[in-house]
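Undergrad: My questions will all concern the structure given below.
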Amino acid sequence: MTWLLLAVLIGQDVPQPVPVPAVSETLAVQVMLDRAGFSPGEIDGTPGRNLQRALAAFQRAHGLAPSGAIDEGTLTALINRSRGRPPVVSYEIAPEDLAGPFVGVPTDLMEQAKLESLAYASPLEALAEKFHVNPRVLEELNPGATFDRAGERVVVPDVAAIDPLAPMPGSSPDATIVVSRADSALTVQDANGAVLFHAPVTTGSRHDPLPIGRWKVTGVQRMPPFHYNPVLFWDADPSHSKARIAPGPNNPVGTMWIDLTKPHYGIHGTPEPSRIGHLQSHGCVRLTNWDANRVAQWARPGMEVIFK
């Protein structure tokens, strides 16, 4: 079902300030969930566990059966919240999108430690993160685009559209962050348990299990360096030594670190958004960079964090 058919469900005309392609129902729903504060993680146009969890969370919050499936009632609720905004819009690539620096980041941590910045690898990667989307989807939406010319117009997910019903970050000072190992999800909840924000996460593994319990936020650091200590990693290369890895979106902890009272543990971003919700971590709670930045807007020193 295209966005045009979705719009017809509530009898609205589709705004077309510039020509944009029809998109799949799945991609449209992912964009609408993202805008509503029920993140599906990386927008990839593909059904999967992250989308199912986001749908179920949205459905529970709106008094719908939490099936995790796209049904007519859920579509209607999402479309009503979107106020007729299409899921994709035209965007003009700006000079700052191309300013860089762009860096080829090696996988070896000791090699990463030699770099001055863990920046994006390319303008395409930077644009994909800006619009919460898989680079492949950007390329599919824009056949023939180069993504490296200022003034080039491309089609992108409209994740910047304002949802008037989404709680403003930080608007509930007594909010609590809850991370569920079973659901691979993080929620920010108000004092009554209502969900203010939901996002998929990657948590611990068999070797580094999520530390179940109650903790507190001690601070928030944007664009943090990563202080690598191989002693803390069960799978570290024996030849590795302690190292400082420079900040940047491709830093091992991404663009955000929310520090906790549990030593060596935090809530943070990632250089690999496509793996969120799918791959295990070294015990910490990992989100996409954009979701980690959203959580950080709620986080305050002393805020309770529950790992369950």
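To be explicit about the labels: the chains of the structure tokens are called A, B, and onward in the order shown, and within each one the residues are counted from 1, while ligands get numbers from 1 in the order they are shown.
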Enumerate as a list in words all residues of stretch 1-128 of chain A assigned to strand (DSSP E) by DSSP on the backbone, naming them with the chain letters and numbers the document uses.

TA: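 Answer for stretch 1-128 of chain A, restricted to strand (DSSP E): Val88, Val89, Ser90, Tyr91 and Glu92 of chain A.
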
Undergrad: Which residues come within 8 Å of stretch 246-248 of chain A, counting only C-alpha atoms, excluding same-chain residues fewer than 2 positions away, as number ranges by chain?

TA: A: 113, 115-120, 223-226, 244, 250-251, 254-255

Undergrad: Write the selection just made, keeping N, CA and C atoms, as a JSON list (two decimals), in the first residue's frame?

TA:
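Everything below was put into again38.json:
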[["chain", "number", "residue", "atom", "x", "y", "z"],
["A", 113, "ALA", "N", 42.60, 4.17, 17.16],
["A", 113, "ALA", "CA", 43.23, 5.06, 18.14],
["A", 113, "ALA", "C", 44.25, 6.00, 17.50],
["A", 115, "LEU", "N", 43.65, 7.68, 14.75],
["A", 115, "LEU", "CA", 42.94, 8.72, 14.01],
["A", 115, "LEU", "C", 42.63, 9.92, 14.90],
["A", 116, "GLU", "N", 42.57, 11.11, 14.27],
["A", 116, "GLU", "CA", 42.23, 12.33, 15.00],
["A", 116, "GLU", "C", 40.73, 12.49, 15.16],
["A", 117, "SER", "N", 39.95, 11.80, 14.35],
["A", 117, "SER", "CA", 38.50, 11.89, 14.41],
["A", 117, "SER", "C", 37.90, 10.61, 13.86],
["A", 118, "LEU", "N", 36.83, 10.16, 14.46],
["A", 118, "LEU", "CA", 36.08, 9.00, 13.96],
["A", 118, "LEU", "C", 34.84, 9.54, 13.24],
["A", 119, "ALA", "N", 35.08, 10.29, 12.17],
["A", 119, "ALA", "CA", 34.02, 10.98, 11.45],
["A", 119, "ALA", "C", 33.28, 10.04, 10.51],
["A", 120, "TYR", "N", 32.28, 10.58, 9.81],
["A", 120, "TYR", "CA", 31.57, 9.80, 8.81],
["A", 120, "TYR", "C", 32.53, 9.41, 7.68],
["A", 223, "MET", "N", 29.43, 13.67, 22.05],
["A", 223, "MET", "CA", 30.66, 13.42, 21.29],
["A", 223, "MET", "C", 31.79, 12.96, 22.22],
["A", 224, "PRO", "N", 31.59, 11.86, 22.92],
["A", 224, "PRO", "CA", 32.60, 11.41, 23.88],
["A", 224, "PRO", "C", 33.75, 10.68, 23.18],
["A", 225, "PRO", "N", 34.95, 10.76, 23.74],
["A", 225, "PRO", "CA", 35.99, 9.83, 23.33],
["A", 225, "PRO", "C", 35.68, 8.46, 23.93],
["A", 226, "PHE", "N", 36.33, 7.44, 23.43],
["A", 226, "PHE", "CA", 36.15, 6.10, 23.98],
["A", 226, "PHE", "C", 37.47, 5.67, 24.60],
["A", 244, "ARG", "N", 43.01, 5.64, 23.85],
["A", 244, "ARG", "CA", 41.94, 6.63, 23.72],
["A", 244, "ARG", "C", 41.56, 6.72, 22.25],
["A", 250, "ASN", "N", 31.47, 7.61, 14.26],
["A", 250, "ASN", "CA", 31.93, 6.24, 14.09],
["A", 250, "ASN", "C", 32.81, 5.76, 15.23],
["A", 251, "ASN", "N", 32.85, 6.53, 16.31],
["A", 251, "ASN", "CA", 33.47, 6.09, 17.56],
["A", 251, "ASN", "C", 32.68, 4.88, 18.09],
["A", 254, "GLY", "N", 29.59, 5.95, 19.62],
["A", 254, "GLY", "CA", 28.79, 6.90, 18.86],
["A", 254, "GLY", "C", 28.89, 8.33, 19.35],
["A", 255, "THR", "N", 27.79, 9.04, 19.24],
["A", 255, "THR", "CA", 27.78, 10.48, 19.52],
["A", 255, "THR", "C", 27.30, 10.84, 20.92]]

Undergrad: Write out as a CSV table (one decimal) with N, CA and C atoms, in the first residue's frame which residues come within 10 Å of A:Glu139 when counting only C-alpha atoms, dropping same-chain ones fewer than 3 positions away.

TA:
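So out_0.csv came out as:
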chain,number,residue,atom,x,y,z
A,124,LEU,N,27.2,10.4,2.0
A,124,LEU,CA,26.0,9.5,2.0
A,124,LEU,C,25.7,9.0,3.4
A,128,ALA,N,22.4,9.8,5.6
A,128,ALA,CA,21.6,8.7,6.1
A,128,ALA,C,21.4,8.8,7.6
A,134,ASN,N,18.7,3.9,6.3
A,134,ASN,CA,19.8,3.1,5.8
A,134,ASN,C,20.3,3.7,4.5
A,135,PRO,N,21.6,3.8,4.3
A,135,PRO,CA,22.1,4.4,3.0
A,135,PRO,C,21.5,3.7,1.8
A,136,ARG,N,21.3,2.4,1.8
A,136,ARG,CA,20.8,1.7,0.7
A,136,ARG,C,19.4,2.3,0.3
A,142,ASN,N,16.7,7.6,-4.7
A,142,ASN,CA,17.3,8.6,-5.5
A,142,ASN,C,18.2,8.0,-6.5
A,143,PRO,N,17.7,7.2,-7.5
A,143,PRO,CA,18.6,6.6,-8.5
A,143,PRO,C,19.3,7.7,-9.3
A,144,GLY,N,20.6,7.5,-9.4
A,144,GLY,CA,21.4,8.5,-10.2
A,144,GLY,C,21.9,9.6,-9.4
A,145,ALA,N,21.5,9.8,-8.1
A,145,ALA,CA,22.0,10.8,-7.3
A,145,ALA,C,23.5,10.6,-6.9
A,146,THR,N,24.3,11.6,-6.7
A,146,THR,CA,25.7,11.5,-6.4
A,146,THR,C,25.9,11.7,-4.9
A,147,PHE,N,25.0,12.5,-4.2
A,147,PHE,CA,25.1,12.8,-2.8
A,147,PHE,C,26.4,13.5,-2.5
A,154,VAL,N,17.5,15.7,-3.3
A,154,VAL,CA,17.3,14.3,-3.1
A,154,VAL,C,16.0,14.1,-2.2
A,155,VAL,N,15.5,12.9,-2.3
A,155,VAL,CA,14.3,12.6,-1.5
A,155,VAL,C,14.7,11.8,-0.2
A,156,VAL,N,14.2,12.3,0.9
A,156,VAL,CA,14.6,11.8,2.2
A,156,VAL,C,13.4,11.5,3.1

Undergrad: Quote the spacing between atom CA of A:Gly41 and atom CA of A:Val159 in Å to one decimal place.

TA: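 That distance, rounded to one decimal, is 12.1 Å.
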
Undergrad: With a distance cut-off of 7 Å and only C-alpha atoms, select the neighbouring residues of A:Thr261, excluding the residue or stretch itself and same-chain residues fewer than 3 positions from it, and output the selection as a list in words.

TA: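 The residues that qualify are Trp215, Lys216, Val217 and Thr218 of chain A.
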
Undergrad: Counting only C-alpha atoms, which residue out of A:Tyr228, A:Phe102, A:Phe307, A:Phe131 sits closest to A:Thr288?

TA: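 Of A:Tyr228, A:Phe102, A:Phe307, A:Phe131, the one nearest A:Thr288, counting only C-alpha atoms, is A:Phe131.
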
Undergrad: Restricting the calculation to only C-alpha atoms: of A:Asp163, A:Glu272, A:Asp148, A:Glu111, which residue gets closest to A:Ile93?

TA: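 The answer is A:Asp148, which sits nearest to A:Ile93.
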
Undergrad: Based on the backbone DSSP call, show me all residues of stretch 15-254 of chain A assigned helix (DSSP H, G or I), as a ChimeraX atom specification.

TA: /A:25-36,49-61,72-82,95-98,109-112,123-130,135-141,230-232

Undergrad: Give me the residues near A:Phe38 as a CSV table (one decimal) with N, CA and C atoms, in the first residue's frame, where near means some atom within 8 Å (using only C-alpha atoms) and where sequence neighbours in that chain fewer than 3 positions away do not count.

TA:
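Final output, saved to around36.csv:
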chain,number,residue,atom,x,y,z
A,33,LEU,N,6.2,6.3,12.8
A,33,LEU,CA,6.5,5.8,14.2
A,33,LEU,C,7.7,6.7,14.7
A,34,ASP,N,8.7,6.9,13.9
A,34,ASP,CA,9.9,7.7,14.3
A,34,ASP,C,9.4,9.1,14.8
A,35,ARG,N,8.5,9.7,14.0
A,35,ARG,CA,8.1,11.1,14.3
A,35,ARG,C,7.2,11.1,15.6
A,54,ALA,N,8.2,-1.6,17.9
A,54,ALA,CA,7.7,-0.2,17.9
A,54,ALA,C,6.2,-0.1,17.7
A,55,LEU,N,5.7,-0.9,16.8
A,55,LEU,CA,4.3,-1.0,16.6
A,55,LEU,C,3.5,-1.4,17.8
A,57,ALA,N,4.4,-1.2,20.9
A,57,ALA,CA,4.5,-0.1,22.0
A,57,ALA,C,3.6,1.0,21.6
A,58,PHE,N,3.5,1.4,20.3
A,58,PHE,CA,2.6,2.5,19.9
A,58,PHE,C,1.1,2.0,20.1
A,197,PHE,N,8.8,7.9,25.3
A,197,PHE,CA,9.7,7.6,24.2
A,197,PHE,C,10.0,6.1,24.2
A,198,HIS,N,10.1,5.5,23.0
A,198,HIS,CA,10.5,4.1,22.9
A,198,HIS,C,11.5,3.9,21.8
A,199,ALA,N,12.5,3.0,22.0
A,199,ALA,CA,13.5,2.8,21.0
A,199,ALA,C,14.0,1.4,21.2

Undergrad: Hey, what's within 12 Å of stretch 67-73 of chain A if we count only C-alpha atoms and toss same-chain stuff fewer than 4 positions away? As a PyMOL selection string, please?

TA: chain A and resi 1+5-6+9-10+25-30+33+40+47-60+62-63+77-80

Undergrad: Create the file for the chosen residues now, containing N, CA and C atoms and written as a compact mmCIF listing (two decimals), in the first residue's frame.

TA:
# COMPACT_ATOMS: atom_id res chain seq x y z
N MET A 1 0.85 -1.19 0.00
CA MET A 1 0.00 0.00 0.00
C MET A 1 0.89 1.25 0.00
N LEU A 5 -2.46 5.73 -0.93
CA LEU A 5 -3.58 4.96 -0.41
C LEU A 5 -3.73 5.16 1.08
N LEU A 6 -2.62 5.30 1.79
CA LEU A 6 -2.71 5.57 3.22
C LEU A 6 -3.43 6.89 3.47
N LEU A 9 -7.21 6.89 3.29
CA LEU A 9 -7.93 6.31 4.43
C LEU A 9 -8.61 7.39 5.27
N ILE A 10 -8.02 8.57 5.32
CA ILE A 10 -8.64 9.64 6.13
C ILE A 10 -9.07 10.81 5.24
N GLU A 25 4.44 0.71 2.21
CA GLU A 25 3.71 0.87 3.46
C GLU A 25 4.65 0.75 4.65
N THR A 26 5.57 -0.21 4.57
CA THR A 26 6.50 -0.42 5.69
C THR A 26 7.35 0.81 5.94
N LEU A 27 7.91 1.40 4.89
CA LEU A 27 8.74 2.59 5.08
C LEU A 27 7.91 3.74 5.61
N ALA A 28 6.71 3.93 5.08
CA ALA A 28 5.84 5.01 5.56
C ALA A 28 5.54 4.86 7.05
N VAL A 29 5.25 3.63 7.48
CA VAL A 29 4.95 3.38 8.88
C VAL A 29 6.18 3.62 9.75
N GLN A 30 7.35 3.20 9.28
CA GLN A 30 8.57 3.45 10.04
C GLN A 30 8.78 4.95 10.27
N LEU A 33 6.18 6.27 12.82
CA LEU A 33 6.52 5.85 14.18
C LEU A 33 7.68 6.67 14.73
N PRO A 40 11.57 2.91 15.29
CA PRO A 40 11.83 1.58 14.75
C PRO A 40 13.31 1.33 14.56
N PRO A 47 10.20 -5.14 6.99
CA PRO A 47 9.58 -5.61 8.23
C PRO A 47 10.61 -6.38 9.06
N GLY A 48 10.51 -6.25 10.38
CA GLY A 48 11.44 -6.94 11.25
C GLY A 48 11.07 -6.74 12.69
N ARG A 49 11.90 -7.27 13.59
CA ARG A 49 11.59 -7.23 15.02
C ARG A 49 11.51 -5.81 15.56
N ASN A 50 12.41 -4.93 15.12
CA ASN A 50 12.37 -3.57 15.63
C ASN A 50 11.07 -2.88 15.27
N LEU A 51 10.60 -3.09 14.05
CA LEU A 51 9.32 -2.50 13.64
C LEU A 51 8.18 -3.10 14.43
N GLN A 52 8.18 -4.41 14.63
CA GLN A 52 7.12 -5.06 15.39
C GLN A 52 7.06 -4.53 16.82
N ARG A 53 8.23 -4.35 17.45
CA ARG A 53 8.26 -3.85 18.82
C ARG A 53 7.78 -2.41 18.90
N ALA A 54 8.18 -1.60 17.93
CA ALA A 54 7.73 -0.20 17.92
C ALA A 54 6.22 -0.13 17.71
N LEU A 55 5.71 -0.95 16.80
CA LEU A 55 4.26 -0.98 16.57
C LEU A 55 3.51 -1.41 17.83
N ALA A 56 3.99 -2.47 18.49
CA ALA A 56 3.32 -2.94 19.70
C ALA A 56 3.32 -1.88 20.79
N ALA A 57 4.45 -1.17 20.94
CA ALA A 57 4.53 -0.11 21.95
C ALA A 57 3.57 1.03 21.61
N PHE A 58 3.51 1.41 20.34
CA PHE A 58 2.59 2.45 19.90
C PHE A 58 1.14 2.01 20.13
N GLN A 59 0.85 0.77 19.80
CA GLN A 59 -0.51 0.26 19.97
C GLN A 59 -0.94 0.27 21.43
N ARG A 60 -0.06 -0.18 22.33
CA ARG A 60 -0.40 -0.16 23.76
C ARG A 60 -0.65 1.26 24.24
N HIS A 62 -1.86 3.64 22.64
CA HIS A 62 -3.05 4.21 22.04
C HIS A 62 -4.28 3.32 22.23
N GLY A 63 -4.21 2.40 23.18
CA GLY A 63 -5.38 1.58 23.50
C GLY A 63 -5.74 0.59 22.43
N ALA A 77 -4.46 5.70 13.32
CA ALA A 77 -3.88 6.47 14.43
C ALA A 77 -2.59 7.15 14.00
N LEU A 78 -1.76 6.46 13.26
CA LEU A 78 -0.50 7.04 12.80
C LEU A 78 -0.74 8.18 11.81
N ILE A 79 -1.67 7.98 10.89
CA ILE A 79 -1.96 9.01 9.90
C ILE A 79 -2.56 10.26 10.56
N ASN A 80 -3.44 10.04 11.52
CA ASN A 80 -4.01 11.19 12.24
C ASN A 80 -2.91 12.01 12.91
